[in-house]
Amino acid sequence: MNINKVYILLLTCALAFSACDRDDESLPESAERLYISAVLQPFPEDVTSQTRTTNHGFLTSFEDGDEIGVTGIDADGNVIDVCNNVKFVYHDSETVDDVIWASFLNDRGYGFVEKVSGARYFAYYPYDSKWDGKNLEYITSHFTVEEDQHTKENFTKSDLMAPEEPILPNDGALRFVMNHKMATISIFYNNEWKPDGTALYPIILFPETTPAGLTIAHTYRSQLPTNEYEHRRRYLVNPRTQATVKLVGRLEETSYRYFSHTLNIEPGHLYSVSFEGEPSVPYTDGVDLELDSVPFTDKNGDTVILGHTVIWSKYNLGESAAEKYPFAPAAGDKGGQNGGKDPEARGDYYAWAATFTQYDNGLSGYNGYGFNNYFDKEYMVAPLGGTIKETEYDVAHAKWWRGKWRLPTENEFRAMYEGCTFEKVGSYTETNTRYIGDYGGRTKGKNSFCIIKVTSKKNPEKFIYFSTGGYLDGTVEPQKGEDGELTESGDGKKNAGLVSPTTAYYLTSSASPTILRCISYAYFTDTQQNIKIDGSRYTGMLVRPVYSPNENKNQ
């Protein structure tokens with residue numbers, strides 16, 4: 001099972017497989033063959049999200065060596081001999097209309113099973129011969145997770161997936177909707193990391209943690225292509241036998257910081273628990289615009305309030321002393337190479353879920369993200385409507401500013417739109433040295449940007465500034481082919497470089513609720529303010545960090 005790409009964080013990309021057959025040399029010529037497919041269901045939204053946690057879906061995909069079992073049962077629930085826990089091994093997959101279809105073959109190369117009159121069928125993962133003669137309810141009730149899940153083998157052995165109930169054939173096929181039967185606990189610590197991927201200041205879990213097997217040493221971490229390890233640690237729990245998970249421990253920093261979090265878990269849910277390290281940017285570099293009780297209309301058309309304080313940073317990501325550009329800005333341009341804490345400067349551009357700057361002026365030959373080189377080409381980081389808030393994919397929280405700083409949510413921008421005034425207070429022209437530059441013989445460019453003052457209606461003494469900055473589409477600069485026309489970035493869009501510089505485009509932590517390859521983002525000027533849901537995930541946008549000192553994650 002490919003669990004390197006399990007996050008998000010959800011899947012509307014679906015899995016499916018053609019699968020099963022009996023052990024006979026071949027089916028009788030008169031037998032009707034049932035071809036098997038299955039869709040891997042997203043982790044459902046957690047409607048009772050827990051303290052200090054967020055819930056997202058993680059996309060799981062099959063890989064070489066993965067094995068499933070397929071069983072047929074009669075009307076009385078008895079296992080049918082011709083399809084009794086038949087083992088199939090992953091064969092191939094293809095993506096059609098954003099759905100990943102995986103095919104499976106048994107040891108004789110068959111991808112189908114004989115149809116038996118009145119029979120129902122189910123498939124499950126991972127295959128185990130001990131389930132011979134067992135029905136779906138028995139397997140689900142008697143499944144146990146490995147106590148030590150730090151290896152990929154033991155983690156995948158603990159990840160039971162199956163349909164909710166056996167199904168009947170339909171048009172010569174068996175189409176299973178596979179659901180995760182276990183719950184996943186995902187632990188992330190947003191502090192500094194050593195080159196080998198271990199935390200500079202590790203998390204220590206105390207014996208009061210339950211289940212007893214949940215220790216840091218027993219959690220799984222995927223090895224990345226760079227031979228480092230992902231910062232997230234995961235552990236699977238069976239809610240049938242362990243309805244509550246409790247994490248008790250400390251962050252072993254210069255001064256110990258203790259924590260205790262209790263989670264009430266349900267099957268198929270993923271609970272991402274974020275433990276904040278020391279912030280690299282002080283919280284005093286923010287302003288409370290007093291928006292916690294401002295009514296606004298959410299994406300569902302309901303009138304709601306935030307119910308929690310939001311401290312908005314005075315400047316964009318890229319302008320703190322903790323960050324450094326590859327090149328200093330040109331004379332007279334805003335900001336500084338080491339972060340100028342300039343409230344009117346753009347900072348830098350980031351792709352959604354990327355934790356390093358979008359562009360580096362060609363310092364390493366890296367020209368920014370486009371469709372073809374975006375790190376998450378299959379959009380597995382988060383599902384439709386998913387979130388990267390306070391995860392290792394949240395650039396403000398996980399990389400540069402850490403602590404409680406994070407990306408804003410859609411609703412936090414909506415509350416700002418309703419609770420603040422927007423006023424254009426200036427404009428400026430700036431070369432693109434830090435973002436495009438002339439490294440490698442490229443031509444410098446200049447663009448004009450606007451400065452927008454955002455003031456609290458409730459308390460006009462509270463205000464912040466935003467620079468517009470447009471967005472970076474495709475590579476750093478527009479690329480042209482031999483015919484002199486703009487090339488495509490790989491998804492049919494023209495590679496237009498910096499677009500619409502006099503409009504503000506700011507990342508939110510939310511994936512688009514309707515378009516898998518897109519995100520939701522804040523789009524505004526002094527005269528119009530909107531939330532849009534059609535921004536490509538690889539598009540470079542600006543980031544304004546926030547933090548919520550009193551947010552109640554139980555709501």
# chains A, B, ... in the order shown; residues from 1 in each chain; ligands from 1
call {"tool": "select_by_dssp", "arguments": {"residues": "segment 32-234 of chain A", "states": "alpha helix (DSSP H)", "output": "ChimeraX atom specification"}}
result
/A:136-142,152-157
call {"tool": "select_by_dssp", "arguments": {"residues": "segment 249-457 of chain A", "states": "strand (DSSP E or B)", "output": "PyMOL selection string"}}
result
chain A and resi 249-251+257-264+270-275+286-288+296-297+303-304+311-313+350+387+406+420-431+446-456
call {"tool": "residues_around", "arguments": {"residues": "Pro460 of chain A", "least_positions_apart": "5", "cutoff": "9 Å", "atoms": "only C-alpha atoms", "output": "count of residues only"}}
result
3
call {"tool": "residues_around", "arguments": {"residues": "Gln242 of chain A", "least_positions_apart": "4", "cutoff": "10 Å", "atoms": "only C-alpha atoms", "output": "list in words"}}
result
Ala183, Thr210, Pro211, Val237, Asn238, Asn264, Ile265 and Glu266 of chain A
call {"tool": "write_last_selection", "arguments": {"atoms": "C-alpha atoms", "output": "mmCIF file, in the first residue's frame"}}
result
data_model
loop_
_atom_site.group_PDB
_atom_site.id
_atom_site.type_symbol
_atom_site.label_atom_id
_atom_site.label_comp_id
_atom_site.auth_asym_id
_atom_site.auth_seq_id
_atom_site.Cartn_x
_atom_site.Cartn_y
_atom_site.Cartn_z
ATOM 1 C CA ALA A 183 -8.983 5.327 12.719
ATOM 2 C CA THR A 210 -3.625 5.043 25.647
ATOM 3 C CA PRO A 211 -3.604 2.636 23.928
ATOM 4 C CA VAL A 237 -6.354 2.238 16.146
ATOM 5 C CA ASN A 238 -9.403 -0.057 16.065
ATOM 6 C CA ASN A 264 -13.033 10.140 20.869
ATOM 7 C CA ILE A 265 -12.430 8.188 17.660
ATOM 8 C CA GLU A 266 -14.627 6.687 14.963
#
call {"tool": "residues_around", "arguments": {"residues": "Ser520 of chain A", "least_positions_apart": "3", "cutoff": "9 Å", "atoms": "only C-alpha atoms", "output": "list of chain:residue names"}}
result
A:Gly385, A:Glu410, A:Leu507, A:Thr508, A:Ser509, A:Ser510, A:Ala511, A:Ser512, A:Pro513, A:Ile531, A:Lys532, A:Ile533, A:Asp534, A:Gly535
call {"tool": "atom_distance", "arguments": {"atom1": "atom CA of Thr502 of chain A", "atom2": "atom CA of Trp401 of chain A"}}
result
26.7 Å
call {"tool": "residues_around", "arguments": {"residues": "Ser320 of chain A", "least_positions_apart": "3", "cutoff": "10 Å", "atoms": "only C-alpha atoms", "output": "MDAnalysis selection string"}}
result
chainID A and resid 280:282 285 315:317 323:324 335:342 347 400:401
call {"tool": "closest_residue", "arguments": {"among": "A:Met416, A:Ala75, A:Cys518, A:Val310", "to": "Glu551 of chain A", "atoms": "only C-alpha atoms"}}
result
A:Val310
call {"tool": "atom_distance", "arguments": {"atom1": "atom CA of Asp171 of chain A", "atom2": "atom CA of Trp131 of chain A"}}
result
28.2 Å
call {"tool": "residues_around", "arguments": {"residues": "segment 521-530 of chain A", "least_positions_apart": "3", "cutoff": "7 Å", "atoms": "only C-alpha atoms", "output": "list in words"}}
result
Phe413, Tyr417, Phe422, Glu423, Lys424, Ile452, Thr503, Ala504, Tyr505, Tyr506, Leu507, Thr508, Ile533 and Gly535 of chain A
call {"tool": "write_last_selection", "arguments": {"atoms": "N, CA, C and O atoms", "output": "short mmCIF file (atom, residue, chain, number, x, y, z; two decimals), in the first residue's frame"}}
result
data_model
loop_
_atom_site.label_atom_id
_atom_site.label_comp_id
_atom_site.auth_asym_id
_atom_site.auth_seq_id
_atom_site.Cartn_x
_atom_site.Cartn_y
_atom_site.Cartn_z
N PHE A 413 -11.02 34.77 6.51
CA PHE A 413 -11.05 35.84 5.51
C PHE A 413 -12.46 36.40 5.36
O PHE A 413 -12.64 37.62 5.21
N TYR A 417 -13.68 40.25 5.68
CA TYR A 417 -14.42 41.00 4.66
C TYR A 417 -15.61 41.73 5.27
O TYR A 417 -15.90 42.88 4.91
N PHE A 422 -11.87 48.38 3.56
CA PHE A 422 -10.72 48.18 2.68
C PHE A 422 -10.46 49.48 1.93
O PHE A 422 -11.34 50.00 1.25
N GLU A 423 -9.25 50.00 2.07
CA GLU A 423 -8.93 51.31 1.49
C GLU A 423 -7.57 51.23 0.80
O GLU A 423 -6.58 50.79 1.39
N LYS A 424 -7.52 51.67 -0.45
CA LYS A 424 -6.25 51.78 -1.16
C LYS A 424 -5.52 53.02 -0.67
O LYS A 424 -6.04 54.13 -0.74
N ILE A 452 -3.18 48.08 0.34
CA ILE A 452 -4.56 48.15 0.84
C ILE A 452 -4.54 48.15 2.37
O ILE A 452 -3.95 47.25 2.99
N THR A 503 -4.19 43.00 -7.97
CA THR A 503 -5.20 42.30 -7.17
C THR A 503 -4.50 41.41 -6.16
O THR A 503 -3.44 40.84 -6.45
N ALA A 504 -5.07 41.28 -4.97
CA ALA A 504 -4.48 40.44 -3.93
C ALA A 504 -4.97 39.01 -4.08
O ALA A 504 -6.17 38.75 -4.17
N TYR A 505 -4.03 38.07 -4.11
CA TYR A 505 -4.32 36.64 -4.11
C TYR A 505 -3.58 36.04 -2.91
O TYR A 505 -2.35 36.03 -2.90
N TYR A 506 -4.32 35.55 -1.92
CA TYR A 506 -3.71 35.00 -0.71
C TYR A 506 -4.21 33.58 -0.46
O TYR A 506 -5.41 33.30 -0.57
N LEU A 507 -3.28 32.71 -0.09
CA LEU A 507 -3.64 31.31 0.18
C LEU A 507 -4.51 31.20 1.42
O LEU A 507 -4.33 31.92 2.40
N THR A 508 -5.45 30.25 1.40
CA THR A 508 -6.12 29.78 2.61
C THR A 508 -5.64 28.35 2.85
O THR A 508 -4.92 27.76 2.03
N ILE A 533 -12.69 29.44 -5.52
CA ILE A 533 -12.40 28.03 -5.29
C ILE A 533 -11.73 27.38 -6.49
O ILE A 533 -11.71 26.15 -6.60
N GLY A 535 -8.38 28.06 -7.74
CA GLY A 535 -6.95 28.29 -7.87
C GLY A 535 -6.19 26.98 -7.97
O GLY A 535 -6.32 26.11 -7.12
#
call {"tool": "closest_residue", "arguments": {"among": "A:Phe449, A:Tyr350, A:Phe356, A:Trp312", "to": "Gly540 of chain A", "atoms": "only C-alpha atoms"}}
result
A:Tyr350
call {"tool": "closest_residue", "arguments": {"among": "A:Thr241, A:Thr539, A:Ser158, A:Thr421", "to": "Gly470 of chain A", "atoms": "only C-alpha atoms"}}
result
A:Thr539
call {"tool": "closest_residue", "arguments": {"among": "A:Thr262, A:Asn78, A:Thr71, A:Ser500", "to": "Tyr124 of chain A", "atoms": "only C-alpha atoms"}}
result
A:Thr71
call {"tool": "closest_residue", "arguments": {"among": "A:Leu236, A:Ile139, A:Val79, A:Val86", "to": "Thr215 of chain A", "atoms": "only C-alpha atoms"}}
result
A:Leu236
call {"tool": "closest_residue", "arguments": {"among": "A:Gly197, A:Pro202, A:Gly286, A:Pro239", "to": "Phe143 of chain A", "atoms": "only C-alpha atoms"}}
result
A:Pro239
call {"tool": "atom_distance", "arguments": {"atom1": "atom CA of Val546 of chain A", "atom2": "atom CA of Leu407 of chain A"}}
result
6.2 Å
